[in-house]
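Below is one structure; the comments refer to it alone.
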Amino acid sequence: MTQQKNPFQGQRIEYHILQSFPVTCLNRDDVGAPKTAIVGGCLRARVSSQCWKRQVRLSLHEMGLAQGTRTKLIANLIAEECKKQGANSEQAENCGLKIERIFIKKPDADGKGRKAKPDEESDADSASEKTDTLLFLSPTEVTTIVKALKEKNFDPNAVITKDKIKDQAKELADIIGKPKLDYNTDGIDIALFGRMVAQAPTMNVEAAASFSHAISTHRVSNEVEFFTALDDNQIEQGSAHMGSLEFNSATYYRYISLDLGQLWISLAGSNIAKAVEAFTKALFVAVPAARQTTMSGASPWDFARISVRTGQRLQASFEKAVRADNSSILEPSIAALKTFFEKQKVLWGSLFGEQCAIEYGGDNSIDTVVTFLKTHVTKVAG
């Protein structure tokens with residue numbers, strides 16, 4: 001399908017979400033402290049885009065949608081499917097390793113990465129030499145690879161015949177063909193989050209969803225929790241263990257955009273309304289998993305403004321930190337976000353490009369929001 005036939009060309013859904021969490025460490029840095037960033041000259045709480053994106057992917061999986069598999073253990077993935085298609089254990093293992101080695105990178109002496117050469121293939125089984133790059137494959141792509149292997153009696157050398165790794169990658173990409181993602185069979189995670197395969201660019205999929213780092217709307221100061229643990233069978237009084245960890249509390253501003261035009265391309269124009277519904281619901285329920293057993297962070301959205309726009313993406317910066325009003329950070333954050341949009345509508349003029357918008361909160365439930373978005377998408381799709 002060409003860009004000219006795309007009814008959603010240039011359209012995107014933009015989610016502006018305010019979500020408050022008390023006493024949490026949703027996303028940790030390298031020393032286990034809550035992630036932070038300097039914005040507007042003051043310290044803010046931060047949750048990385050990668051952290052929340054993964055949780056959205058897991059939420060989609062929990063909804064029962066078929067999912068692509070993102071893994072560096074490609075051998076296991078291919079071998080299991082080979083066994084299902086009639087291969088014996090030795091054949092399955094050989095097929096899996098052959099496919100995996102195409103995408104393996106091994107560390108050289110100076111710590112940089114290089115692709116494995118054919119004469120090094122026997123060394124690729126070592127766990128310490130596995131690639132640090134994850135390959136994202138849909139269920140249909142896995143079965144397509146295995147079907148090609150089955151046609152050659154599960155002889156991987158009869159399917160992948162070239163000597164150089166880059167040529168082998170091209171052979172594999174040709175077997176898979178141009179990505180054809182189907183909502184009903186493959187899920188939507190590859191279409192939403194994209195895929196880059198350096199060895200086989202034809203397998204690349206442009207991400208339809210874009211996530212910003214979530215930033216607190218206000219100044220934060222990480223605090224320290226001191227804790228002790230008691231031994232149930234202790235003989236002497238006192239703690240058996242003492243420790244400390246950091247936490248904070250924050251009202252986060254989250255910005256996510258969903259490129260409807262790109263989603264339409266990746267899903268070949270099918271089930272766009274279903275995909276929008278699934279993505280919106282996953283956004284709503286997804287919460288980072290760090291320290292959930294000791295600092296349960298289970299707070300829902302407090303407020304959201306969701307709009308369908310054309311043109312340049314529009315994200316609020318909250319460069320000026322919000323101050324508490326009547327002992328609340330949330331209320332002035334909502335007011336600041338609404339004021340931002342009122343101002344931008346005037347400043348952007350005809351370039352604002354808003355097709356429609358809805359607010360979550362008050363009388364509008366998440367079901368109301370989903371219905372609103374699906375109605376718009378269905379109307380545009382015709």
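Convention: chains lettered A, B, ... in structure tokens order; per-chain residue numbering from 1; ligands numbered from 1 as shown.
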(request) May I have the residues within 10 Å of region 273-276 of chain A as a list of chain:residue names, using only C-alpha atoms and disregarding those fewer than 6 positions away in the same chain? (result) A:Ile13, A:Tyr183, A:Asn184, A:Gly187, A:Ile188, A:Asp189, A:Ala191, A:Leu192, A:Leu258, A:Leu260, A:Leu263, A:Trp264, A:Leu267, A:Ala282, A:Val370, A:Thr371, A:Leu373, A:Lys374, A:Thr375, A:His376, A:Val377, A:Thr378, A:Lys379, A:Ala381
(message) Env of region 82-89 of chain A: 12 Å cut, atoms = only C-alpha atoms, seq-sep filter 5 positions within chain, self excluded. Answer as an NGL selection string.
(response) :A and (75-77 or 94-97 or 99 or 142-156)
(message) Please extract the residues of region 170-360 of chain A with a backbone DSSP assignment of alpha helix (DSSP H) and present them as a PyMOL selection string.
(response) chain A and resi 170-176+183-186+189-193+260-266+272-285+330-348
Expected file contents, prior selection, C-alpha atoms, as a PDB file, in the first residue's frame:
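Saved file out_19.pdb follows:
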ATOM      1  CA  LYS A 170      19.958 -11.157   3.214  1.00  0.00           C
ATOM      2  CA  GLU A 171      18.994 -14.746   2.401  1.00  0.00           C
ATOM      3  CA  LEU A 172      17.033 -14.964   5.629  1.00  0.00           C
ATOM      4  CA  ALA A 173      15.373 -11.595   4.994  1.00  0.00           C
ATOM      5  CA  ASP A 174      14.349 -12.770   1.519  1.00  0.00           C
ATOM      6  CA  ILE A 175      12.768 -15.878   3.043  1.00  0.00           C
ATOM      7  CA  ILE A 176      10.794 -13.768   5.516  1.00  0.00           C
ATOM      8  CA  TYR A 183      -3.239  -7.850  14.080  1.00  0.00           C
ATOM      9  CA  ASN A 184      -5.050 -11.176  14.374  1.00  0.00           C
ATOM     10  CA  THR A 185      -2.027 -13.466  13.983  1.00  0.00           C
ATOM     11  CA  ASP A 186       1.059 -11.493  14.953  1.00  0.00           C
ATOM     12  CA  ASP A 189       3.828  -4.869  19.284  1.00  0.00           C
ATOM     13  CA  ILE A 190       6.254  -4.842  16.337  1.00  0.00           C
ATOM     14  CA  ALA A 191       3.978  -2.395  14.500  1.00  0.00           C
ATOM     15  CA  LEU A 192       3.767  -0.169  17.579  1.00  0.00           C
ATOM     16  CA  PHE A 193       7.361  -0.263  18.794  1.00  0.00           C
ATOM     17  CA  LEU A 260      -1.846   6.518  12.678  1.00  0.00           C
ATOM     18  CA  GLY A 261      -0.379   6.754   9.193  1.00  0.00           C
ATOM     19  CA  GLN A 262       2.561   4.538  10.104  1.00  0.00           C
ATOM     20  CA  LEU A 263       0.305   2.129  11.989  1.00  0.00           C
ATOM     21  CA  TRP A 264      -1.885   1.845   8.894  1.00  0.00           C
ATOM     22  CA  ILE A 265       1.188   0.985   6.797  1.00  0.00           C
ATOM     23  CA  SER A 266       2.565  -1.580   9.256  1.00  0.00           C
ATOM     24  CA  ILE A 272      -6.579   0.043  12.990  1.00  0.00           C
ATOM     25  CA  ALA A 273      -9.469   0.748  15.381  1.00  0.00           C
ATOM     26  CA  LYS A 274      -8.735  -2.476  17.293  1.00  0.00           C
ATOM     27  CA  ALA A 275      -5.062  -1.547  17.513  1.00  0.00           C
ATOM     28  CA  VAL A 276      -5.880   1.921  18.848  1.00  0.00           C
ATOM     29  CA  GLU A 277      -8.190   0.398  21.459  1.00  0.00           C
ATOM     30  CA  ALA A 278      -5.578  -2.134  22.613  1.00  0.00           C
ATOM     31  CA  PHE A 279      -2.793   0.460  22.763  1.00  0.00           C
ATOM     32  CA  THR A 280      -4.901   2.974  24.701  1.00  0.00           C
ATOM     33  CA  LYS A 281      -5.994   0.375  27.254  1.00  0.00           C
ATOM     34  CA  ALA A 282      -2.419  -0.877  27.648  1.00  0.00           C
ATOM     35  CA  LEU A 283      -1.251   2.698  28.250  1.00  0.00           C
ATOM     36  CA  PHE A 284      -3.912   3.040  30.907  1.00  0.00           C
ATOM     37  CA  VAL A 285      -3.035  -0.071  32.927  1.00  0.00           C
ATOM     38  CA  LEU A 330      -1.986  17.597  40.784  1.00  0.00           C
ATOM     39  CA  GLU A 331      -4.536  20.417  40.581  1.00  0.00           C
ATOM     40  CA  PRO A 332      -2.054  23.112  39.514  1.00  0.00           C
ATOM     41  CA  SER A 333      -0.471  20.580  37.118  1.00  0.00           C
ATOM     42  CA  ILE A 334      -3.836  20.057  35.416  1.00  0.00           C
ATOM     43  CA  ALA A 335      -4.353  23.815  35.251  1.00  0.00           C
ATOM     44  CA  ALA A 336      -0.861  24.321  33.782  1.00  0.00           C
ATOM     45  CA  LEU A 337      -1.464  21.671  31.116  1.00  0.00           C
ATOM     46  CA  LYS A 338      -4.801  23.185  30.097  1.00  0.00           C
ATOM     47  CA  THR A 339      -3.269  26.661  29.959  1.00  0.00           C
ATOM     48  CA  PHE A 340      -0.466  25.304  27.780  1.00  0.00           C
ATOM     49  CA  PHE A 341      -2.924  24.040  25.177  1.00  0.00           C
ATOM     50  CA  GLU A 342      -4.988  27.212  25.204  1.00  0.00           C
ATOM     51  CA  LYS A 343      -1.835  29.194  24.492  1.00  0.00           C
ATOM     52  CA  GLN A 344      -0.536  26.817  21.814  1.00  0.00           C
ATOM     53  CA  LYS A 345      -3.830  26.899  19.925  1.00  0.00           C
ATOM     54  CA  VAL A 346      -3.439  30.646  19.578  1.00  0.00           C
ATOM     55  CA  LEU A 347       0.282  30.590  18.758  1.00  0.00           C
ATOM     56  CA  TRP A 348       0.138  27.744  16.246  1.00  0.00           C
TER      57      TRP A 348
END
(request) Just list the residues in region 125-275 of chain A DSSP gives strand (DSSP E) on the backbone, as a count of residues only. (result) 35
(request) Report the distance between CA of Phe136 (chain A) and CA of Arg54 (chain A) in Å, rounded to one decimal place. (result)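 A separation of 13.2 Å between them.
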Write out as a short mmCIF file (atom, residue, chain, number, x, y, z; two decimals) with C-alpha atoms, in the first residue's frame each polymer residue whose atoms come within 9 Å of Ala45 (chain A), counting only C-alpha atoms; drop sequence neighbours fewer than 5 positions from it.
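Result file follows (out.cif):
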data_model
loop_
_atom_site.label_atom_id
_atom_site.label_comp_id
_atom_site.auth_asym_id
_atom_site.auth_seq_id
_atom_site.Cartn_x
_atom_site.Cartn_y
_atom_site.Cartn_z
CA PRO A 34 15.00 6.69 41.40
CA LYS A 35 15.96 8.19 38.06
CA THR A 36 16.01 11.98 37.88
CA ALA A 37 16.69 14.81 35.43
CA ILE A 38 17.35 18.55 35.64
CA ALA A 214 7.99 10.79 32.04
CA ILE A 215 9.01 13.86 34.06
CA SER A 216 7.58 15.18 37.30
CA THR A 217 5.80 18.49 36.88
CA HIS A 218 7.47 19.78 40.04
CA ARG A 219 10.73 19.79 41.95
CA VAL A 220 11.58 16.56 43.78
CA SER A 221 14.06 15.47 46.38
CA ASN A 222 14.86 11.80 46.68
CA ASN A 248 10.40 9.79 45.91
CA SER A 249 6.84 10.84 45.23
CA ALA A 250 5.79 12.66 42.09
CA THR A 251 3.09 13.73 39.69
CA TYR A 252 4.40 12.69 36.28
#
(message) Just the number, please: distance in Å from CA of Val369 (chain A) to CA of Tyr15 (chain A), one decimal.
(response)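 Taking CA of Val369 (chain A) and CA of Tyr15 (chain A), their separation equals 10.9 Å.
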(message) Need the shell around Phe247 (chain A): protein/DNA/RNA residues with any atom at most 8 Å away, counting only C-alpha atoms. Skip same-chain ones fewer than 5 positions apart. Format as JSON, numbers by chain?
(response) {"A": [23, 24, 25, 33, 34, 222, 223, 224, 225]}
(message) I'd like the interatomic distance between CA of Asp182 (chain A) and CA of Asn271 (chain A), to a tenth of an Å.
(response)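 If I compute the distance from CA of Asp182 (chain A) to CA of Asn271 (chain A), I get 8.5 Å.
Nearest to Gln199 (chain A) of all the residues A:Arg46, A:Ile165, A:Cys356, A:Pro179 is A:Ile165, based on only C-alpha atoms.
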(message) When you look at Ala304 (chain A) with a cut-off of 6 Å (counting only C-alpha atoms), what residues show up, excluding the ones that are within fewer than 3 positions of it in the same chain? I need them as a list in words.
(response) His16, Ile17, Glu359 and Tyr360 of chain A
